[in-house]
Amino acid sequence: MKPYSAEYQRILKWIFAACLIAVSFVFFSGNRVSEPLAFKIVIQNSSLLPEKADWPLIYGNLKHMFFCLFIFAFFFCVGNIILRFCFGMKDIDGKTALYSIGVGSGVFSAAIMLTAFFFRATHFVLTCYFWFLTVFSAVYIICLIRRTKKTGVRKVTGDFPYVMAILLLSALLLNLFSAALPPFEYDSLEYHLAGPKEILRNGRYAYFDNNMYMNIPSNISMVYLFIQGVARDSGKFVNYAYGLLILGAIYAFVADKAGKNCALLAAASFYITGLLTKELMYAHIEISAAFFTVLAFMCIWEYLSGKKIPYLVLCGIFAGFALGSKYTSVLTLILPVLSVLLVFENGGKKIGSPLIFVFTVLLVFSPWILKNIMAAKNPFYPIFQDIFGGAGGWTPEISRRFAVSHYGSAGSAIDNIKSLADFSINDYFGTPLLLLFPLFCLFSLKNPFAKIGGVWIITGILSWAVFSKGYIRFLIPSFPIIFISGALCFPDLPAGITCKKLTKAVITFMLFFNFLSCAMLFAEGRYLKVFASQCDREDFLKKANNHYAAVMHLNKYASADTKVLFLGEARTYYAEFIPLYNTVFNNSILSGTGNDIFDRRYYLDNNIGYILVNIPELERMMKTYKYTPVNDMNGYLKWLKTTFPRFYEDRSGIIIYKI
């Protein structure tokens, strides 16, 4: 057969790109208008599919996964261009691809944040972003494919321990089910997902006086904002994708240094933990911070191994993106990097390298500093309130509550270290394996990985123990470094039968134990039933959150511009109206108003249509934080009962009053 000409192949590629864009348009149009035509024709009319299967749920999850694949393709293309032209990294391998996704993810988040702050963040603007990046990425990937055909692709071969490989693949599927659950966790519904939805509703990312968490830097929240503006409920799969990228980064780094068997050991040990399975059920931000942490660790190792300054700059870039994802990255990333630089650098570089690193971190974090200064009057809002002050309702009392709730003290360091032991007994498991890996360093004191990883791990855990309140998930960014260090030191174990074979047997047993723990954790409650169509999505959310049914009831009767005051409640992600918060960390309209709150006209003047009271949450806040929204809480509840008609009430303690 006569081969096609180069011109004809080029035309076919452009036709393929156009078809890809057209298919994606049909695929995603259902998020904003109705179900795509292809779904109605192909799936609903097919007689080959089981009648009782919940195919809209399965189709919806596949749709969200496909959309997240698009998002990370954008990240790769944007980041790869920056690495090519700014750092001279023209060859594409596993590490460069990970660096590209990391750089692109951070730059993309900063662009969305600046757009939302200085301009507008509406469905139209974000959709324009999406189509521009789709066309741009399609063209760029086609160019990369053409270039790859000329240079060739290096094949990866080798034997793997099949037991670990099978466990890892099973964990991948199990964690995918976790990520596919509808959002139901407290923090996700309060600000991780609710915050971007509120920004999209307002069209601007200004200062939020009634939800302090919306003002804290969060790069991944900007990704959630973009997704909600284009495809709504796909956000949780972004968390799953970051987990896969961490898995790939661990494997790529360890395989390059110690072989594929050790790489698979490190990757499986990290991924088969109950904590990760549980975190992937939620829309938290620790996993994205962990991704940037792994990339920073890879870059600092390359720099200390004799590579050039660009790797130190890249390390600072990823550290800045991690800091923009979560302030606690100072504990698990920036302090360890500084300690490594100070310990392992030679003479004249001892001061220069840390200064370059810190300058790069602050430069990358500067968009958030600018936003904080302009919106909150504090470059590091909401911390350092005594030094910089702050805007809006961030009072010294709220600052004190926030510090007590989120940060510990030197006196609690021992208790936090002890909590690591409880970590293995509770829902998460995996701590015995965590403690086992650093022990490998005892057999390899001359191994440079043991030295660098040891300094990193000790600095990270001690700073977490001293300054954190003991939240185990704040340590997630340190977990990959622990497993990487242990796996890299594994070949240095004594060759005796007793030591090496016993260690392998213990690790294999613990991986099995951890996987069974993950499976049991997922099978708890109604998680598994959602996928077996034995539990309806709405029923699942009603049982997972006592406020969900009340919010859905309000969605039926309250218009989009109706204001609803939440008393003792802040989980507003599913609300289609305007929520007003009243929680321990927010400055509510009930604060500092004196007797005005007992005047019906006060609520009419503030255009409040309903008041939602969550009695159990009020009691929890008053018990946990010694906080009451008003001085006379019992009197205020009695006044509400006698002044306004009850619009809704259920057995869980939720009452809605209509103004």
# chains A, B, ... in the order shown; residues from 1 in each chain; ligands from 1
>>> residues_around(residues="Phe184 of chain A", least_positions_apart="2", cutoff="10 Å", atoms="only C-alpha atoms", output="PyMOL selection string")
chain A and resi 181-182+186-189+281-283+540-545+548+571+573-574
>>> atom_distance(atom1="atom CA of Val564 of chain A", atom2="atom CA of Ile611 of chain A")
5.6 Å
>>> residues_around(residues="segment 456-464 of chain A", least_positions_apart="6", cutoff="8 Å", atoms="only C-alpha atoms", output="PDB file with N, CA, C and O atoms, in the first residue's frame")
ATOM      1  N   LEU A 331       5.986  23.785  57.382  1.00  0.00           N
ATOM      2  CA  LEU A 331       6.460  22.773  58.324  1.00  0.00           C
ATOM      3  C   LEU A 331       7.002  21.545  57.615  1.00  0.00           C
ATOM      4  O   LEU A 331       8.021  20.988  58.007  1.00  0.00           O
ATOM      5  N   THR A 332       6.305  21.093  56.590  1.00  0.00           N
ATOM      6  CA  THR A 332       6.641  19.817  55.964  1.00  0.00           C
ATOM      7  C   THR A 332       7.489  19.949  54.712  1.00  0.00           C
ATOM      8  O   THR A 332       7.872  18.940  54.129  1.00  0.00           O
ATOM      9  N   LEU A 333       7.794  21.177  54.286  1.00  0.00           N
ATOM     10  CA  LEU A 333       8.552  21.350  53.055  1.00  0.00           C
ATOM     11  C   LEU A 333       9.645  22.394  53.182  1.00  0.00           C
ATOM     12  O   LEU A 333      10.824  22.105  53.026  1.00  0.00           O
ATOM     13  N   LEU A 335      10.896  24.318  55.765  1.00  0.00           N
ATOM     14  CA  LEU A 335      11.878  24.145  56.844  1.00  0.00           C
ATOM     15  C   LEU A 335      12.816  22.969  56.578  1.00  0.00           C
ATOM     16  O   LEU A 335      14.037  23.093  56.763  1.00  0.00           O
ATOM     17  N   PRO A 336      12.301  21.795  56.132  1.00  0.00           N
ATOM     18  CA  PRO A 336      13.231  20.705  55.806  1.00  0.00           C
ATOM     19  C   PRO A 336      14.210  21.050  54.693  1.00  0.00           C
ATOM     20  O   PRO A 336      15.387  20.684  54.773  1.00  0.00           O
ATOM     21  N   VAL A 337      13.743  21.741  53.643  1.00  0.00           N
ATOM     22  CA  VAL A 337      14.654  22.096  52.548  1.00  0.00           C
ATOM     23  C   VAL A 337      15.754  23.019  53.050  1.00  0.00           C
ATOM     24  O   VAL A 337      16.935  22.851  52.725  1.00  0.00           O
ATOM     25  N   SER A 339      16.901  23.228  56.069  1.00  0.00           N
ATOM     26  CA  SER A 339      17.823  22.465  56.912  1.00  0.00           C
ATOM     27  C   SER A 339      18.765  21.620  56.070  1.00  0.00           C
ATOM     28  O   SER A 339      19.959  21.508  56.369  1.00  0.00           O
ATOM     29  N   VAL A 340      18.250  21.024  54.988  1.00  0.00           N
ATOM     30  CA  VAL A 340      19.101  20.225  54.101  1.00  0.00           C
ATOM     31  C   VAL A 340      20.160  21.096  53.453  1.00  0.00           C
ATOM     32  O   VAL A 340      21.348  20.736  53.384  1.00  0.00           O
ATOM     33  N   ALA A 413       3.887  18.815  72.042  1.00  0.00           N
ATOM     34  CA  ALA A 413       4.685  18.072  71.068  1.00  0.00           C
ATOM     35  C   ALA A 413       4.710  16.587  71.391  1.00  0.00           C
ATOM     36  O   ALA A 413       4.577  15.742  70.504  1.00  0.00           O
ATOM     37  N   GLY A 470      -1.821  18.427  65.907  1.00  0.00           N
ATOM     38  CA  GLY A 470      -1.865  16.974  65.921  1.00  0.00           C
ATOM     39  C   GLY A 470      -2.682  16.361  64.807  1.00  0.00           C
ATOM     40  O   GLY A 470      -2.945  15.159  64.828  1.00  0.00           O
ATOM     41  N   PHE A 474      -2.042  16.659  58.179  1.00  0.00           N
ATOM     42  CA  PHE A 474      -1.043  17.682  57.908  1.00  0.00           C
ATOM     43  C   PHE A 474       0.323  17.077  57.614  1.00  0.00           C
ATOM     44  O   PHE A 474       1.208  17.748  57.088  1.00  0.00           O
ATOM     45  N   LEU A 475       0.499  15.797  57.964  1.00  0.00           N
ATOM     46  CA  LEU A 475       1.764  15.109  57.705  1.00  0.00           C
ATOM     47  C   LEU A 475       1.797  14.414  56.349  1.00  0.00           C
ATOM     48  O   LEU A 475       2.822  13.861  55.975  1.00  0.00           O
ATOM     49  N   SER A 478       4.701  14.762  54.068  1.00  0.00           N
ATOM     50  CA  SER A 478       5.952  14.121  54.488  1.00  0.00           C
ATOM     51  C   SER A 478       5.971  12.622  54.207  1.00  0.00           C
ATOM     52  O   SER A 478       7.050  12.018  54.146  1.00  0.00           O
ATOM     53  N   ILE A 481       8.192  11.222  51.318  1.00  0.00           N
ATOM     54  CA  ILE A 481       9.627  11.311  51.582  1.00  0.00           C
ATOM     55  C   ILE A 481      10.062  10.162  52.497  1.00  0.00           C
ATOM     56  O   ILE A 481      11.150   9.599  52.339  1.00  0.00           O
ATOM     57  N   ILE A 482       9.208   9.815  53.468  1.00  0.00           N
ATOM     58  CA  ILE A 482       9.528   8.698  54.363  1.00  0.00           C
ATOM     59  C   ILE A 482       9.662   7.400  53.571  1.00  0.00           C
ATOM     60  O   ILE A 482      10.625   6.638  53.741  1.00  0.00           O
TER      61      ILE A 482
END
>>> residues_around(residues="segment 557-560 of chain A", least_positions_apart="6", cutoff="7 Å", atoms="only C-alpha atoms", output="list in words")
Glu576, Phe577 and Ile578 of chain A
>>> write_last_selection(atoms="C-alpha atoms", output="short mmCIF file (atom, residue, chain, number, x, y, z; two decimals), in the first residue's frame")
data_model
loop_
_atom_site.label_atom_id
_atom_site.label_comp_id
_atom_site.auth_asym_id
_atom_site.auth_seq_id
_atom_site.Cartn_x
_atom_site.Cartn_y
_atom_site.Cartn_z
CA GLU A 576 -28.32 27.40 45.40
CA PHE A 577 -29.12 30.61 47.31
CA ILE A 578 -26.93 33.19 49.11
#
>>> atom_distance(atom1="atom CA of Ala165 of chain A", atom2="atom CA of Asn514 of chain A")
14.5 Å
>>> residues_around(residues="Val313 of chain A", least_positions_apart="5", cutoff="10 Å", atoms="only C-alpha atoms", output="MDAnalysis selection string")
chainID A and resid 87 296 299:300 303 308 318:319 353 356:361
>>> closest_residue(among="A:Leu144, A:Ala570, A:Leu168, A:Val103", to="Gly316 of chain A", atoms="only C-alpha atoms")
A:Val103
>>> residues_around(residues="Ala376 of chain A", least_positions_apart="2", cutoff="9 Å", atoms="only C-alpha atoms", output="number ranges by chain")
A: 206-207, 215, 371-374, 378-379, 381-382, 389-392
>>> closest_residue(among="A:Cys86, A:Cys489, A:Ile272, A:Ala138", to="Tyr311 of chain A", atoms="only C-alpha atoms")
A:Cys86
>>> closest_residue(among="A:Ala252, A:Ile476, A:Ile112, A:Leu225", to="Gly274 of chain A", atoms="only C-alpha atoms")
A:Ile476
>>> atom_distance(atom1="atom CA of Val613 of chain A", atom2="atom CA of Val584 of chain A")
14.6 Å
>>> closest_residue(among="A:Phe208, A:Phe118, A:Tyr271, A:Phe237", to="His284 of chain A", atoms="only C-alpha atoms")
A:Phe237
>>> closest_residue(among="A:Ser305, A:Thr583, A:Ser288, A:Asn606", to="Arg620 of chain A", atoms="only C-alpha atoms")
A:Thr583
>>> closest_residue(among="A:Ala241, A:Met222, A:Ala255, A:Leu174", to="Ile287 of chain A", atoms="only C-alpha atoms")
A:Ala241
>>> residues_around(residues="Ile484 of chain A", least_positions_apart="6", cutoff="9 Å", atoms="only C-alpha atoms", output="PDB file with all heavy atoms, in the first residue's frame")
ATOM      1  N   ILE A 250       7.117   9.087  42.874  1.00  0.00           N
ATOM      2  CA  ILE A 250       7.857   8.183  43.761  1.00  0.00           C
ATOM      3  C   ILE A 250       8.517   7.072  42.948  1.00  0.00           C
ATOM      4  O   ILE A 250       9.709   6.764  43.117  1.00  0.00           O
ATOM      5  CB  ILE A 250       6.918   7.589  44.828  1.00  0.00           C
ATOM      6  CG1 ILE A 250       6.447   8.678  45.796  1.00  0.00           C
ATOM      7  CG2 ILE A 250       7.602   6.466  45.599  1.00  0.00           C
ATOM      8  CD1 ILE A 250       5.401   8.191  46.788  1.00  0.00           C
ATOM      9  N   TYR A 251       7.743   6.478  42.045  1.00  0.00           N
ATOM     10  CA  TYR A 251       8.276   5.366  41.258  1.00  0.00           C
ATOM     11  C   TYR A 251       9.428   5.824  40.355  1.00  0.00           C
ATOM     12  O   TYR A 251      10.480   5.178  40.285  1.00  0.00           O
ATOM     13  CB  TYR A 251       7.165   4.735  40.421  1.00  0.00           C
ATOM     14  CG  TYR A 251       7.634   3.543  39.626  1.00  0.00           C
ATOM     15  CD1 TYR A 251       7.664   2.278  40.202  1.00  0.00           C
ATOM     16  CD2 TYR A 251       8.082   3.687  38.323  1.00  0.00           C
ATOM     17  CE1 TYR A 251       8.123   1.185  39.490  1.00  0.00           C
ATOM     18  CE2 TYR A 251       8.542   2.605  37.600  1.00  0.00           C
ATOM     19  CZ  TYR A 251       8.560   1.352  38.184  1.00  0.00           C
ATOM     20  OH  TYR A 251       9.027   0.283  37.486  1.00  0.00           O
ATOM     21  N   PHE A 253      11.456   8.411  40.602  1.00  0.00           N
ATOM     22  CA  PHE A 253      12.661   8.829  41.317  1.00  0.00           C
ATOM     23  C   PHE A 253      13.412   7.624  41.875  1.00  0.00           C
ATOM     24  O   PHE A 253      14.627   7.498  41.705  1.00  0.00           O
ATOM     25  CB  PHE A 253      12.281   9.793  42.443  1.00  0.00           C
ATOM     26  CG  PHE A 253      13.456  10.332  43.199  1.00  0.00           C
ATOM     27  CD1 PHE A 253      14.269  11.300  42.637  1.00  0.00           C
ATOM     28  CD2 PHE A 253      13.758   9.867  44.468  1.00  0.00           C
ATOM     29  CE1 PHE A 253      15.354  11.801  43.323  1.00  0.00           C
ATOM     30  CE2 PHE A 253      14.841  10.361  45.163  1.00  0.00           C
ATOM     31  CZ  PHE A 253      15.650  11.334  44.590  1.00  0.00           C
ATOM     32  N   VAL A 254      12.697   6.723  42.557  1.00  0.00           N
ATOM     33  CA  VAL A 254      13.360   5.574  43.179  1.00  0.00           C
ATOM     34  C   VAL A 254      13.879   4.607  42.121  1.00  0.00           C
ATOM     35  O   VAL A 254      14.963   4.027  42.272  1.00  0.00           O
ATOM     36  CB  VAL A 254      12.399   4.870  44.155  1.00  0.00           C
ATOM     37  CG1 VAL A 254      13.062   3.649  44.781  1.00  0.00           C
ATOM     38  CG2 VAL A 254      11.964   5.824  45.255  1.00  0.00           C
ATOM     39  N   CYS A 262      12.652  -1.689  44.138  1.00  0.00           N
ATOM     40  CA  CYS A 262      12.589  -0.737  45.252  1.00  0.00           C
ATOM     41  C   CYS A 262      11.575   0.368  44.950  1.00  0.00           C
ATOM     42  O   CYS A 262      10.893   0.857  45.855  1.00  0.00           O
ATOM     43  CB  CYS A 262      13.966  -0.128  45.508  1.00  0.00           C
ATOM     44  SG  CYS A 262      15.139  -1.277  46.255  1.00  0.00           S
ATOM     45  N   ALA A 263      11.479   0.763  43.677  1.00  0.00           N
ATOM     46  CA  ALA A 263      10.525   1.801  43.302  1.00  0.00           C
ATOM     47  C   ALA A 263       9.092   1.341  43.542  1.00  0.00           C
ATOM     48  O   ALA A 263       8.255   2.097  44.050  1.00  0.00           O
ATOM     49  CB  ALA A 263      10.714   2.187  41.841  1.00  0.00           C
ATOM     50  N   ALA A 266       8.356   1.381  47.296  1.00  0.00           N
ATOM     51  CA  ALA A 266       8.066   2.720  47.814  1.00  0.00           C
ATOM     52  C   ALA A 266       6.685   3.190  47.381  1.00  0.00           C
ATOM     53  O   ALA A 266       5.919   3.745  48.182  1.00  0.00           O
ATOM     54  CB  ALA A 266       9.134   3.704  47.340  1.00  0.00           C
ATOM     55  N   ALA A 267       6.350   2.985  46.100  1.00  0.00           N
ATOM     56  CA  ALA A 267       5.061   3.454  45.589  1.00  0.00           C
ATOM     57  C   ALA A 267       3.908   2.721  46.262  1.00  0.00           C
ATOM     58  O   ALA A 267       2.920   3.341  46.685  1.00  0.00           O
ATOM     59  CB  ALA A 267       5.014   3.261  44.073  1.00  0.00           C
ATOM     60  N   PHE A 270       3.379   3.745  49.956  1.00  0.00           N
ATOM     61  CA  PHE A 270       2.701   5.043  50.114  1.00  0.00           C
ATOM     62  C   PHE A 270       1.218   4.937  49.781  1.00  0.00           C
ATOM     63  O   PHE A 270       0.366   5.461  50.508  1.00  0.00           O
ATOM     64  CB  PHE A 270       3.354   6.087  49.202  1.00  0.00           C
ATOM     65  CG  PHE A 270       2.512   7.315  49.007  1.00  0.00           C
ATOM     66  CD1 PHE A 270       2.382   8.259  50.021  1.00  0.00           C
ATOM     67  CD2 PHE A 270       1.820   7.529  47.815  1.00  0.00           C
ATOM     68  CE1 PHE A 270       1.588   9.391  49.851  1.00  0.00           C
ATOM     69  CE2 PHE A 270       1.034   8.649  47.640  1.00  0.00           C
ATOM     70  CZ  PHE A 270       0.926   9.586  48.664  1.00  0.00           C
ATOM     71  N   PHE A 437      10.311   2.138  58.073  1.00  0.00           N
ATOM     72  CA  PHE A 437      11.165   2.628  56.999  1.00  0.00           C
ATOM     73  C   PHE A 437      12.354   3.444  57.498  1.00  0.00           C
ATOM     74  O   PHE A 437      13.477   3.249  57.031  1.00  0.00           O
ATOM     75  CB  PHE A 437      10.332   3.434  55.997  1.00  0.00           C
ATOM     76  CG  PHE A 437       9.822   2.598  54.870  1.00  0.00           C
ATOM     77  CD1 PHE A 437       8.753   1.750  55.051  1.00  0.00           C
ATOM     78  CD2 PHE A 437      10.428   2.631  53.633  1.00  0.00           C
ATOM     79  CE1 PHE A 437       8.286   0.959  54.025  1.00  0.00           C
ATOM     80  CE2 PHE A 437       9.971   1.840  52.594  1.00  0.00           C
ATOM     81  CZ  PHE A 437       8.896   0.997  52.790  1.00  0.00           C
ATOM     82  N   PHE A 449      21.149   9.111  50.633  1.00  0.00           N
ATOM     83  CA  PHE A 449      19.689   9.191  50.740  1.00  0.00           C
ATOM     84  C   PHE A 449      19.255   9.138  52.203  1.00  0.00           C
ATOM     85  O   PHE A 449      18.306   9.799  52.612  1.00  0.00           O
ATOM     86  CB  PHE A 449      19.027   8.055  49.960  1.00  0.00           C
ATOM     87  CG  PHE A 449      19.279   8.100  48.490  1.00  0.00           C
ATOM     88  CD1 PHE A 449      20.105   7.175  47.888  1.00  0.00           C
ATOM     89  CD2 PHE A 449      18.693   9.081  47.708  1.00  0.00           C
ATOM     90  CE1 PHE A 449      20.340   7.227  46.522  1.00  0.00           C
ATOM     91  CE2 PHE A 449      18.924   9.136  46.342  1.00  0.00           C
ATOM     92  CZ  PHE A 449      19.752   8.207  45.751  1.00  0.00           C
ATOM     93  N   GLY A 453      17.261  12.228  53.487  1.00  0.00           N
ATOM     94  CA  GLY A 453      15.913  11.857  53.895  1.00  0.00           C
ATOM     95  C   GLY A 453      15.737  11.923  55.395  1.00  0.00           C
ATOM     96  O   GLY A 453      14.686  12.344  55.894  1.00  0.00           O
TER      97      GLY A 453
END
>>> decode(residues="segment 235-268 of chain A", atoms="C-alpha atoms", output="mmCIF file, in the first residue's frame")
data_model
loop_
_atom_site.group_PDB
_atom_site.id
_atom_site.type_symbol
_atom_site.label_atom_id
_atom_site.label_comp_id
_atom_site.auth_asym_id
_atom_site.auth_seq_id
_atom_site.Cartn_x
_atom_site.Cartn_y
_atom_site.Cartn_z
ATOM 1 C CA GLY A 235 -13.411 18.467 41.391
ATOM 2 C CA LYS A 236 -12.878 15.378 43.519
ATOM 3 C CA PHE A 237 -11.183 13.511 40.682
ATOM 4 C CA VAL A 238 -8.507 16.214 40.670
ATOM 5 C CA ASN A 239 -7.496 14.985 44.114
ATOM 6 C CA TYR A 240 -7.305 11.438 42.755
ATOM 7 C CA ALA A 241 -5.163 12.625 39.848
ATOM 8 C CA TYR A 242 -2.698 14.326 42.187
ATOM 9 C CA GLY A 243 -2.457 11.032 44.096
ATOM 10 C CA LEU A 244 -1.583 9.216 40.870
ATOM 11 C CA LEU A 245 1.051 11.829 40.070
ATOM 12 C CA ILE A 246 2.649 11.355 43.498
ATOM 13 C CA LEU A 247 2.661 7.622 42.828
ATOM 14 C CA GLY A 248 4.385 8.207 39.486
ATOM 15 C CA ALA A 249 6.891 10.625 40.999
ATOM 16 C CA ILE A 250 7.857 8.183 43.761
ATOM 17 C CA TYR A 251 8.276 5.366 41.258
ATOM 18 C CA ALA A 252 10.249 7.427 38.725
ATOM 19 C CA PHE A 253 12.661 8.829 41.317
ATOM 20 C CA VAL A 254 13.360 5.574 43.179
ATOM 21 C CA ALA A 255 13.598 3.513 39.969
ATOM 22 C CA ASP A 256 16.294 5.859 38.692
ATOM 23 C CA LYS A 257 18.313 5.550 41.908
ATOM 24 C CA ALA A 258 17.761 2.017 43.195
ATOM 25 C CA GLY A 259 15.920 -0.038 40.582
ATOM 26 C CA LYS A 260 12.340 -0.910 39.759
ATOM 27 C CA ASN A 261 11.731 -3.339 42.621
ATOM 28 C CA CYS A 262 12.589 -0.737 45.252
ATOM 29 C CA ALA A 263 10.525 1.801 43.302
ATOM 30 C CA LEU A 264 7.478 -0.435 43.394
ATOM 31 C CA LEU A 265 8.037 -1.038 47.109
ATOM 32 C CA ALA A 266 8.066 2.720 47.814
ATOM 33 C CA ALA A 267 5.061 3.454 45.589
ATOM 34 C CA ALA A 268 2.925 0.621 46.991
#
